[in-house]
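This is protein.tsv (TSV, C-alpha atoms and all ligand atoms).
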```tsv
chain	number	residue	atom	x	y	z
A	134	MET	CA	-91.98	51.32	-47.89
A	135	THR	CA	-94.41	48.54	-47.01
A	136	LEU	CA	-94.37	47.44	-43.40
A	137	SER	CA	-96.23	44.53	-41.86
A	138	THR	CA	-99.49	44.75	-39.94
A	139	TRP	CA	-97.45	43.98	-36.80
A	140	ALA	CA	-94.94	46.77	-37.40
A	141	LYS	CA	-97.62	49.30	-38.31
A	142	ASN	CA	-99.68	48.64	-35.21
A	143	VAL	CA	-97.02	48.36	-32.53
A	144	SER	CA	-96.22	51.45	-30.47
A	145	PRO	CA	-92.68	51.86	-29.14
A	146	SER	CA	-92.17	51.57	-25.38
A	147	PRO	CA	-92.93	55.01	-23.85
A	148	THR	CA	-90.82	54.27	-20.78
A	149	LEU	CA	-87.75	53.63	-22.90
A	150	ALA	CA	-88.60	56.80	-24.88
A	151	VAL	CA	-88.47	58.97	-21.74
A	152	ASP	CA	-85.21	57.32	-20.81
A	153	THR	CA	-83.71	58.13	-24.20
A	154	ARG	CA	-84.84	61.78	-24.08
A	155	VAL	CA	-83.45	62.25	-20.56
A	156	LYS	CA	-80.11	60.70	-21.51
A	157	GLU	CA	-79.92	63.13	-24.46
A	158	MET	CA	-80.65	66.14	-22.22
A	159	ILE	CA	-78.07	65.03	-19.65
A	160	ALA	CA	-75.51	64.48	-22.41
A	161	ALA	CA	-76.24	68.04	-23.57
A	162	GLY	CA	-75.22	69.26	-20.10
A	163	GLN	CA	-78.68	69.78	-18.62
A	164	ASP	CA	-79.33	69.14	-14.96
A	165	ILE	CA	-82.30	66.76	-14.88
A	166	ALA	CA	-84.00	65.22	-11.86
A	167	GLY	CA	-84.80	61.84	-13.41
A	168	PHE	CA	-87.59	59.64	-12.09
A	169	GLY	CA	-88.04	57.80	-15.37
A	170	ALA	CA	-85.78	54.82	-14.81
A	171	GLY	CA	-87.39	51.41	-14.72
A	172	GLU	CA	-84.32	49.76	-13.27
A	173	PRO	CA	-82.47	49.65	-9.94
A	174	ASP	CA	-79.63	52.16	-9.67
A	175	PHE	CA	-77.35	49.62	-7.96
A	176	ASP	CA	-74.55	47.68	-9.58
A	177	THR	CA	-74.89	43.91	-10.07
A	178	PRO	CA	-73.49	42.20	-6.93
A	179	ASP	CA	-69.78	41.35	-7.30
A	180	PHE	CA	-70.16	37.64	-6.57
A	181	ILE	CA	-72.50	37.30	-9.57
A	182	LYS	CA	-70.16	39.26	-11.84
A	183	GLU	CA	-67.22	37.11	-10.70
A	184	ALA	CA	-69.10	33.91	-11.55
A	185	CYS	CA	-69.86	35.29	-15.00
A	186	LYS	CA	-66.22	36.26	-15.58
A	187	ALA	CA	-65.09	32.80	-14.50
A	188	ALA	CA	-67.56	31.25	-16.95
A	189	LEU	CA	-66.10	33.36	-19.76
A	190	ASP	CA	-62.56	32.27	-18.80
A	191	GLU	CA	-63.69	28.65	-18.73
A	192	GLY	CA	-64.93	28.96	-22.30
A	193	LYS	CA	-68.64	28.82	-21.55
A	194	THR	CA	-69.22	30.93	-24.63
A	195	LYS	CA	-71.10	28.52	-26.91
A	196	TYR	CA	-74.74	27.73	-27.56
A	197	ALA	CA	-76.51	26.19	-24.60
A	198	ALA	CA	-79.71	24.16	-24.30
A	199	THR	CA	-82.61	26.36	-25.45
A	200	PRO	CA	-84.60	26.41	-22.16
A	201	GLY	CA	-81.50	27.11	-20.07
A	202	ILE	CA	-78.39	25.44	-18.68
A	203	PRO	CA	-79.46	22.41	-16.59
A	204	PRO	CA	-78.09	23.57	-13.20
A	205	LEU	CA	-79.87	26.90	-13.54
A	206	ARG	CA	-83.15	25.23	-14.48
A	207	SER	CA	-82.99	22.86	-11.54
A	208	GLY	CA	-81.85	25.66	-9.20
A	209	LEU	CA	-84.81	27.73	-10.34
A	210	ALA	CA	-87.20	24.80	-9.88
A	211	GLU	CA	-86.00	24.62	-6.27
A	212	LYS	CA	-86.51	28.40	-5.94
A	213	PHE	CA	-90.06	28.10	-7.35
A	214	ARG	CA	-90.73	25.38	-4.74
A	215	SER	CA	-89.20	27.06	-1.70
A	216	PHE	CA	-89.76	30.77	-2.33
A	217	ASN	CA	-92.89	30.77	-4.51
A	218	GLN	CA	-94.33	27.70	-2.76
A	219	ILE	CA	-95.22	26.00	-6.05
A	220	GLU	CA	-94.68	22.62	-4.42
A	221	THR	CA	-94.38	20.45	-7.49
A	222	ALA	CA	-92.21	22.78	-9.61
A	223	ALA	CA	-89.78	20.68	-11.65
A	224	ALA	CA	-86.86	21.61	-13.91
A	225	ASN	CA	-88.76	20.67	-17.09
A	226	GLU	CA	-91.38	23.29	-16.17
A	227	VAL	CA	-88.79	26.08	-16.09
A	228	VAL	CA	-87.63	28.10	-19.11
A	229	VAL	CA	-84.84	30.67	-19.05
A	230	SER	CA	-85.19	33.35	-21.72
A	231	PRO	CA	-83.34	36.48	-22.89
A	232	GLY	CA	-85.18	38.80	-20.46
A	233	GLY	CA	-88.40	38.62	-18.50
A	234	LYS	CA	-90.01	40.67	-21.25
A	235	PHE	CA	-89.31	37.89	-23.75
A	236	SER	CA	-90.53	35.28	-21.26
A	237	LEU	CA	-93.85	37.14	-21.10
A	238	TYR	CA	-94.08	37.44	-24.86
A	239	LEU	CA	-93.37	33.75	-25.45
A	240	ALA	CA	-95.87	32.79	-22.75
A	241	ILE	CA	-98.56	34.80	-24.55
A	242	LEU	CA	-97.56	33.40	-27.96
A	243	ALA	CA	-97.74	29.86	-26.59
A	244	THR	CA	-101.26	30.24	-25.25
A	245	CYS	CA	-103.12	33.02	-27.11
A	246	GLY	CA	-103.91	33.64	-30.75
A	247	PRO	CA	-106.39	35.26	-33.14
A	248	GLY	CA	-109.92	35.32	-31.71
A	249	ASP	CA	-108.73	35.12	-28.11
A	250	GLU	CA	-109.21	37.89	-25.55
A	251	VAL	CA	-106.69	38.66	-22.85
A	252	ILE	CA	-107.86	40.58	-19.80
A	253	ILE	CA	-105.37	43.22	-18.68
A	254	PRO	CA	-106.02	45.26	-15.54
A	255	ALA	CA	-105.07	48.94	-15.93
A	256	PRO	CA	-102.85	50.66	-14.96
A	257	TYR	CA	-100.80	48.01	-16.78
A	258	TRP	CA	-97.19	47.55	-17.68
A	259	VAL	CA	-96.76	49.16	-21.10
A	260	SER	CA	-95.83	46.03	-23.02
A	261	TYR	CA	-98.75	43.73	-22.15
A	262	PRO	CA	-101.31	45.07	-24.66
A	263	GLU	CA	-98.68	45.31	-27.41
A	264	MET	CA	-97.55	41.72	-26.83
A	265	VAL	CA	-101.14	40.49	-26.90
A	266	LYS	CA	-101.70	42.29	-30.21
A	267	LEU	CA	-98.47	40.86	-31.64
A	268	ALA	CA	-99.87	37.41	-30.86
A	269	GLY	CA	-102.95	38.32	-32.92
A	270	ALA	CA	-105.17	38.29	-29.81
A	271	THR	CA	-107.26	41.15	-28.40
A	272	PRO	CA	-106.46	43.01	-25.19
A	273	LYS	CA	-109.45	43.67	-22.97
A	274	ILE	CA	-108.66	46.37	-20.45
A	275	ILE	CA	-110.37	46.64	-17.07
A	276	MET	CA	-109.67	49.75	-15.01
A	277	ALA	CA	-108.59	49.72	-11.37
A	278	GLY	CA	-107.93	53.31	-10.33
A	279	ASP	CA	-106.55	54.72	-7.09
A	280	ASP	CA	-110.09	54.64	-5.63
A	281	GLN	CA	-109.73	50.85	-5.50
A	282	GLY	CA	-106.05	50.75	-4.64
A	283	PHE	CA	-105.13	49.98	-8.28
A	284	LYS	CA	-106.43	46.43	-7.80
A	285	ILE	CA	-109.24	44.71	-9.70
A	286	THR	CA	-112.07	43.05	-7.83
A	287	PRO	CA	-113.27	39.49	-8.52
A	288	GLU	CA	-116.61	41.01	-9.66
A	289	GLN	CA	-114.85	43.14	-12.28
A	290	LEU	CA	-113.06	40.09	-13.55
A	291	LYS	CA	-116.25	38.02	-13.67
A	292	ASP	CA	-117.96	40.76	-15.69
A	293	ALA	CA	-115.08	40.91	-18.17
A	294	VAL	CA	-114.86	37.19	-18.88
A	295	THR	CA	-116.47	36.04	-22.14
A	296	PRO	CA	-116.37	32.70	-23.96
A	297	ARG	CA	-113.40	34.09	-25.89
A	298	THR	CA	-111.34	34.96	-22.81
A	299	ARG	CA	-108.11	33.01	-22.78
A	300	MET	CA	-105.96	34.68	-20.14
A	301	LEU	CA	-105.74	37.19	-17.30
A	302	ILE	CA	-102.49	39.06	-16.74
A	303	LEU	CA	-101.55	39.78	-13.13
A	304	ASN	CA	-98.63	41.87	-11.89
A	305	SER	CA	-98.14	42.18	-8.15
A	306	PRO	CA	-96.16	44.12	-7.03
A	307	SER	CA	-97.13	46.33	-9.93
A	308	ASN	CA	-95.24	48.45	-12.38
A	309	PRO	CA	-96.37	51.30	-12.61
A	310	THR	CA	-98.37	51.60	-9.38
A	311	GLY	CA	-96.29	49.71	-6.79
A	312	ALA	CA	-99.60	48.22	-5.59
A	313	VAL	CA	-99.58	44.83	-3.91
A	314	TYR	CA	-102.48	42.38	-3.76
A	315	SER	CA	-103.00	40.68	-0.41
A	316	ARG	CA	-103.13	36.90	-0.39
A	317	GLU	CA	-106.90	37.01	0.14
A	318	GLU	CA	-107.39	39.38	-2.80
A	319	LEU	CA	-105.26	37.21	-5.07
A	320	GLU	CA	-107.09	34.07	-3.98
A	321	ALA	CA	-110.45	35.65	-4.79
A	322	VAL	CA	-109.22	36.64	-8.25
A	323	MET	CA	-107.76	33.19	-8.84
A	324	GLU	CA	-111.08	31.58	-7.92
A	325	VAL	CA	-112.61	33.35	-10.91
A	326	VAL	CA	-109.70	32.24	-13.09
A	327	VAL	CA	-110.05	28.60	-12.03
A	328	SER	CA	-113.84	28.47	-12.24
A	329	ASN	CA	-113.70	29.84	-15.80
A	330	GLY	CA	-110.76	27.67	-16.85
A	331	ILE	CA	-108.75	30.59	-18.23
A	332	TYR	CA	-105.00	31.03	-17.89
A	333	ALA	CA	-103.35	33.46	-15.51
A	334	MET	CA	-100.02	34.93	-16.42
A	335	SER	CA	-98.53	36.21	-13.19
A	336	ASP	CA	-95.68	38.68	-13.74
A	337	GLU	CA	-93.74	38.43	-10.47
A	338	ILE	CA	-90.62	40.28	-11.55
A	339	TYR	CA	-90.80	42.38	-8.32
A	340	GLU	CA	-91.35	39.37	-6.04
A	341	TYR	CA	-88.54	40.35	-3.65
A	342	LEU	CA	-89.30	44.07	-3.49
A	343	TYR	CA	-91.82	44.49	-0.66
A	344	TYR	CA	-92.06	47.04	2.16
A	345	ASP	CA	-94.05	47.54	5.35
A	346	GLY	CA	-93.28	43.94	6.37
A	347	LEU	CA	-95.32	42.40	3.53
A	348	LYS	CA	-94.28	39.25	1.72
A	349	HIS	CA	-94.87	37.67	-1.64
A	350	ASP	CA	-97.64	35.24	-2.62
A	351	SER	CA	-97.65	33.36	-5.93
A	352	PRO	CA	-101.05	32.49	-7.45
A	353	ALA	CA	-99.67	29.18	-8.74
A	354	SER	CA	-99.14	28.10	-5.12
A	355	PHE	CA	-102.82	28.32	-4.16
A	356	SER	CA	-104.00	24.95	-5.47
A	357	LYS	CA	-103.28	22.26	-8.01
A	358	GLU	CA	-106.03	23.74	-10.22
A	359	ALA	CA	-104.40	27.18	-10.01
A	360	ALA	CA	-100.94	25.77	-10.77
A	361	ASP	CA	-102.30	23.99	-13.87
A	362	LEU	CA	-103.54	27.31	-15.29
A	363	THR	CA	-100.80	29.70	-14.21
A	364	ILE	CA	-97.62	30.83	-15.89
A	365	THR	CA	-95.34	32.49	-13.36
A	366	VAL	CA	-92.81	34.91	-14.84
A	367	SER	CA	-89.81	36.38	-13.08
A	368	GLY	CA	-86.21	37.23	-13.81
A	369	PHE	CA	-82.93	38.53	-12.50
A	370	SER	CA	-83.27	42.15	-13.71
A	371	LYS	CA	-85.02	43.79	-10.78
A	372	THR	CA	-83.94	41.51	-7.92
A	373	PHE	CA	-80.21	41.64	-8.63
A	374	SER	CA	-79.83	44.80	-10.71
A	375	MET	CA	-79.14	42.76	-13.82
A	376	THR	CA	-81.31	44.56	-16.37
A	377	GLY	CA	-78.61	44.55	-19.03
A	378	TRP	CA	-77.88	40.85	-18.65
A	379	ARG	CA	-81.22	39.93	-20.22
A	380	LEU	CA	-82.27	36.94	-18.14
A	381	GLY	CA	-85.93	36.10	-17.66
A	382	VAL	CA	-87.39	32.95	-16.17
A	383	LEU	CA	-90.78	31.32	-16.06
A	384	HIS	CA	-92.55	28.39	-14.53
A	385	ALA	CA	-95.44	26.80	-16.42
A	386	PRO	CA	-97.19	23.43	-16.66
A	387	ALA	CA	-94.82	21.09	-18.53
A	388	ALA	CA	-96.72	21.12	-21.84
A	389	ILE	CA	-96.75	24.93	-21.94
A	390	ALA	CA	-93.09	25.15	-20.91
A	391	LYS	CA	-92.25	22.77	-23.75
A	392	ALA	CA	-94.19	24.89	-26.26
A	393	ILE	CA	-92.46	28.03	-25.01
A	394	SER	CA	-89.10	26.34	-25.40
A	395	SER	CA	-89.97	25.37	-28.98
A	396	LEU	CA	-90.96	28.96	-29.80
A	397	GLN	CA	-87.72	30.15	-28.26
A	398	SER	CA	-85.69	27.59	-30.20
A	399	GLN	CA	-86.98	29.12	-33.45
A	400	THR	CA	-86.49	32.75	-32.42
A	401	SER	CA	-83.80	33.78	-29.93
A	402	SER	CA	-82.38	30.35	-28.94
A	403	ASN	CA	-80.83	30.23	-25.47
A	404	ALA	CA	-80.28	33.22	-23.18
A	405	THR	CA	-76.60	34.22	-23.16
A	406	THR	CA	-74.67	31.23	-21.86
A	407	PHE	CA	-72.13	32.92	-19.57
A	408	ALA	CA	-74.84	35.24	-18.19
A	409	GLN	CA	-76.71	32.13	-17.06
A	410	TRP	CA	-73.61	30.79	-15.30
A	411	GLY	CA	-73.26	34.14	-13.54
A	412	ALA	CA	-76.90	34.11	-12.46
A	413	LEU	CA	-76.49	30.61	-11.10
A	414	ALA	CA	-74.25	32.09	-8.38
A	415	ALA	CA	-77.27	34.01	-7.04
A	416	LEU	CA	-79.00	30.67	-6.39
A	417	GLU	CA	-75.92	28.89	-5.08
A	418	HIS	CA	-75.10	31.58	-2.51
A	419	PRO	CA	-78.43	32.42	-0.91
A	420	GLU	CA	-76.88	34.33	2.00
A	421	LYS	CA	-74.94	36.63	-0.35
A	422	ALA	CA	-78.03	37.03	-2.50
A	423	ARG	CA	-80.16	37.92	0.52
A	424	ALA	CA	-77.59	40.48	1.68
A	425	ALA	CA	-77.55	42.15	-1.74
A	426	ILE	CA	-81.36	42.33	-1.85
A	427	ASP	CA	-81.60	43.63	1.72
A	428	GLU	CA	-79.10	46.40	1.04
A	429	MET	CA	-81.18	47.53	-1.92
A	430	LEU	CA	-84.45	47.25	0.02
A	431	VAL	CA	-83.21	49.47	2.84
A	432	ALA	CA	-82.33	52.23	0.37
A	433	PHE	CA	-85.56	51.80	-1.63
A	434	ASP	CA	-87.73	51.93	1.46
A	435	ARG	CA	-86.10	55.12	2.72
A	436	ARG	CA	-86.53	56.77	-0.68
A	437	ARG	CA	-90.09	55.51	-1.03
A	438	LEU	CA	-91.16	57.21	2.18
A	439	PHE	CA	-89.20	60.37	1.38
A	440	LEU	CA	-90.76	60.68	-2.09
A	441	LEU	CA	-94.22	59.76	-0.83
A	442	GLU	CA	-94.11	62.43	1.84
A	443	GLY	CA	-92.92	65.00	-0.69
A	444	LEU	CA	-95.68	64.16	-3.17
A	445	GLN	CA	-98.45	64.08	-0.58
A	446	ALA	CA	-97.43	67.57	0.57
A	447	ILE	CA	-98.07	69.09	-2.88
A	448	ALA	CA	-101.50	70.70	-3.22
A	449	GLY	CA	-103.46	69.04	-6.03
A	450	VAL	CA	-101.40	65.83	-6.01
A	451	SER	CA	-102.67	62.67	-4.35
A	452	CYS	CA	-100.59	59.55	-4.00
A	453	LEU	CA	-101.26	56.10	-2.56
A	454	ARG	CA	-98.69	54.46	-0.30
A	455	ALA	CA	-97.29	51.84	-2.65
A	456	GLN	CA	-95.91	48.77	-0.89
A	457	GLY	CA	-93.87	47.08	-3.59
A	458	ALA	CA	-91.51	47.53	-6.56
A	459	PHE	CA	-89.88	50.99	-6.76
A	460	TYR	CA	-92.57	53.25	-8.19
A	461	LEU	CA	-95.11	55.76	-6.99
A	462	PHE	CA	-98.06	56.63	-9.21
A	463	PRO	CA	-99.57	59.95	-8.10
A	464	ASN	CA	-102.83	61.32	-9.46
A	465	VAL	CA	-102.26	64.72	-11.12
A	466	SER	CA	-105.60	65.06	-12.89
A	467	SER	CA	-106.53	68.13	-10.83
A	468	PHE	CA	-104.12	70.21	-12.95
A	469	GLY	CA	-106.31	69.76	-16.01
A	470	LEU	CA	-103.60	68.50	-18.37
A	471	THR	CA	-103.24	65.18	-20.13
A	472	SER	CA	-100.47	63.12	-18.55
A	473	ASP	CA	-98.42	63.54	-21.74
A	474	ASP	CA	-98.66	67.34	-21.53
A	475	PHE	CA	-98.02	67.33	-17.80
A	476	ALA	CA	-94.87	65.22	-18.19
A	477	ALA	CA	-93.63	67.14	-21.24
A	478	ARG	CA	-94.05	70.54	-19.56
A	479	LEU	CA	-92.54	69.27	-16.31
A	480	LEU	CA	-89.47	68.12	-18.22
A	481	GLU	CA	-89.01	71.16	-20.43
A	482	GLU	CA	-89.96	73.86	-17.87
A	483	SER	CA	-88.72	72.33	-14.61
A	484	ARG	CA	-86.26	69.63	-15.69
A	485	VAL	CA	-87.98	66.77	-13.90
A	486	ALA	CA	-88.39	63.53	-15.85
A	487	VAL	CA	-91.40	61.32	-15.13
A	488	VAL	CA	-93.34	58.87	-17.30
A	489	PRO	CA	-96.88	59.92	-18.30
A	490	GLY	CA	-99.64	57.56	-17.21
A	491	SER	CA	-101.09	57.39	-20.73
A	492	GLY	CA	-98.74	54.57	-21.76
A	493	PHE	CA	-99.94	52.57	-18.75
A	494	GLY	CA	-103.58	53.07	-19.71
A	495	ALA	CA	-104.18	55.59	-16.91
A	496	ASP	CA	-104.07	59.20	-18.05
A	497	ALA	CA	-104.80	60.74	-14.63
A	498	TYR	CA	-101.38	59.73	-13.32
A	499	ILE	CA	-97.65	60.00	-13.72
A	500	ARG	CA	-95.08	57.38	-12.74
A	501	LEU	CA	-92.07	58.22	-10.62
A	502	SER	CA	-89.34	55.67	-10.03
A	503	TYR	CA	-87.44	56.05	-6.78
A	504	ALA	CA	-84.58	53.89	-8.01
A	505	THR	CA	-82.49	57.04	-7.85
A	506	SER	CA	-80.45	58.95	-5.26
A	507	ASP	CA	-81.84	60.76	-2.22
A	508	ALA	CA	-80.30	63.98	-3.59
A	509	ILE	CA	-82.21	63.66	-6.86
A	510	ILE	CA	-85.43	62.90	-5.01
A	511	GLU	CA	-85.00	66.03	-2.91
A	512	LYS	CA	-84.23	68.18	-5.94
A	513	GLY	CA	-87.10	66.65	-7.87
A	514	ILE	CA	-89.66	67.22	-5.11
A	515	ASN	CA	-88.62	70.87	-4.84
A	516	ARG	CA	-88.96	71.39	-8.58
A	517	LEU	CA	-92.24	69.51	-8.79
A	518	THR	CA	-93.67	71.54	-5.90
A	519	GLU	CA	-92.67	74.74	-7.64
A	520	PHE	CA	-94.10	73.52	-10.98
A	521	CYS	CA	-97.45	72.51	-9.47
A	522	GLY	CA	-97.63	75.84	-7.63
A	523	ARG	CA	-97.91	77.65	-10.97
A	524	PHE	CA	-101.38	76.23	-11.66
B	1	LIG	C1	-88.81	45.21	-15.79
B	1	LIG	C2	-90.07	44.45	-15.96
B	1	LIG	C3	-90.11	43.21	-16.63
B	1	LIG	C4	-89.00	42.48	-17.32
B	1	LIG	O1	-87.77	42.95	-17.31
B	1	LIG	P1	-86.60	42.21	-18.08
B	1	LIG	O2	-85.46	43.15	-17.94
B	1	LIG	O3	-87.01	42.00	-19.49
B	1	LIG	O4	-86.36	40.92	-17.36
B	1	LIG	C5	-91.32	42.55	-16.70
B	1	LIG	N1	-92.41	43.04	-16.15
B	1	LIG	C6	-92.42	44.21	-15.51
B	1	LIG	C7	-93.68	44.69	-14.91
B	1	LIG	C8	-91.25	44.97	-15.39
B	1	LIG	O5	-91.28	46.14	-14.77
```
Here is the file; what I need is its structure written in the form of structure tokens.
Ligand SMILES: *Cc1c(COP(=O)(O)O)cnc(C)c1O
Amino acid sequence: MTLSTWAKNVSPSPTLAVDTRVKEMIAAGQDIAGFGAGEPDFDTPDFIKEACKAALDEGKTKYAATPGIPPLRSGLAEKFRSFNQIETAAANEVVVSPGGKFSLYLAILATCGPGDEVIIPAPYWVSYPEMVKLAGATPKIIMAGDDQGFKITPEQLKDAVTPRTRMLILNSPSNPTGAVYSREELEAVMEVVVSNGIYAMSDEIYEYLYYDGLKHDSPASFSKEAADLTITVSGFSKTFSMTGWRLGVLHAPAAIAKAISSLQSQTSSNATTFAQWGALAALEHPEKARAAIDEMLVAFDRRRLFLLEGLQAIAGVSCLRAQGAFYLFPNVSSFGLTSDDFAARLLEESRVAVVPGSGFGADAYIRLSYATSDAIIEKGINRLTEFCGRF
């Protein structure tokens, strides 16, 4: 069997692999405390589901315009203006895609190719380096460990830029660390981006999931120069528990948005038509949308603090207080195992599922998602404490 260079070099998503293994063990009757999930454990809000059902009944089941149905694109442009503060955002700068993951991939394909370098801060979301490689470009990883709050400094970025650098990927709040850049930190990083004339791809999929009273800042809102170089990616998956709907969105300068739309027209075509009509309800009913997000945030925040306290109490484990998304990323290097071995033994011996840090480019850590019940968190902490006590 002869496979392509692309197929031979791509590694499958390790987060989805953990998910699959845990589902198998649960199906086989095992009692697993699962922290692997990369998705909210809430149901999609009813008012969004109702709008989708109505769209189906109204026959909105045919192809739609490639970059998205017009009311959703203009509603999103308004959201990019009011929430993200990208003042000039217009509908022709918005593309709706089948999932935020695909939005990211198309954004990279539209801007990066062979010979280009893309700077990716680690710990990174698993798919960034693979997407860059699939575009024929070269990932250049810069490490930001827990000693620097999982955030790169402007100096690190300056040092990593070469004449071949095409793009920096940012992700705040971060998956896997939950770390959040302050506005000042983001502005300092964006100054380096602007002065070098490279692109920034800002993955803001967790833009509504903040704690400790913090709020979101979008790099594209900082200046006209920043907006001209920034592709802002988001989606409905994390904000409205719509992971299975596959709806990603992005804002980019018009010429890039147009190129992304062309790439999409030759690959996936439009995101599912009736799913888009359902998602539109989230924009048309901001008070219902806010209530749904707030309900989720209250639960996430409680679980975050509960899990954090549990992890910090375990001898040998250290964990930063993450302020966004729904992940904690504790350092377990003191146990002397690779993160793969740590996670595998934890699952087989103590029935706790976590994702090893290796897939995120950070082998000293494991990722725990607290998008799970308080009961599972309690059970998981007890088991993890017992497991770590054996070393
Ligand atoms: C979940 C996630 C996405 C995209 O999710 P989709 O379901 O494809 O919209 C993108 N980036 C990060 C960091 C994520 O965690």
Selection within 9 Å of ligand LIG 1 (chain B) by only C-alpha atoms and all ligand atoms, output as number ranges by chain:
A: 171-172, 230-237, 257-261, 304-309, 336-339, 366-371, 375-382, 458
As an exercise, work out the distance from atom CA of A:Ala425 to atom CA of A:Ser207 in Å and give it to one decimal place.
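For atom CA of A:Ala425 relative to atom CA of A:Ser207, the distance reads 22.3 Å.
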Counting only C-alpha atoms, closest pick from A:Cys452, A:Val322, A:Val327, A:Val151 relative to A:Asp280 is A:Cys452
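Put simply, atom CA of A:Asp361 is 19.4 Å away from atom CA of A:Leu290.
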Coordinates-based distance that separates atom CA of A:Val488 from atom CA of A:Phe475 (Å, one decimal):
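Going from atom CA of A:Phe475 over to atom CA of A:Val488 covers 9.7 Å.
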Residue with smallest distance to A:Gly490 - pool A:Ala412, A:Ala455, A:Ala255, A:Leu136, counting only C-alpha atoms:
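Going through A:Ala412, A:Ala455, A:Ala255, A:Leu136 one by one, the smallest distance to A:Gly490 is for A:Ala255.
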Polymer residues at most 10 Å from (-88.8, 71.6, -16.0) by all atoms listed in the file, as an MDAnalysis selection string
chainID A and resid 164:166 476:486 513 516:517 519:520
Restricting the calculation to only C-alpha atoms, which member of A:Phe493, A:Lys348, A:Ile510, A:Asp474 is positioned closest to A:Leu441?
A:Ile510
Which neighbours of A:Leu396 fall inside 8 Å, counting all atoms listed in the file, when residues of the same chain fewer than 3 positions from it are skipped, and could you give them as an NGL selection string?
:A and (239 or 243 or 392-393 or 399-400)
Among A:Thr148, A:Glu420, A:Ile302, A:Ala446, A:Ile499 is approached most closely, using all atoms listed in the file, by A:Thr148
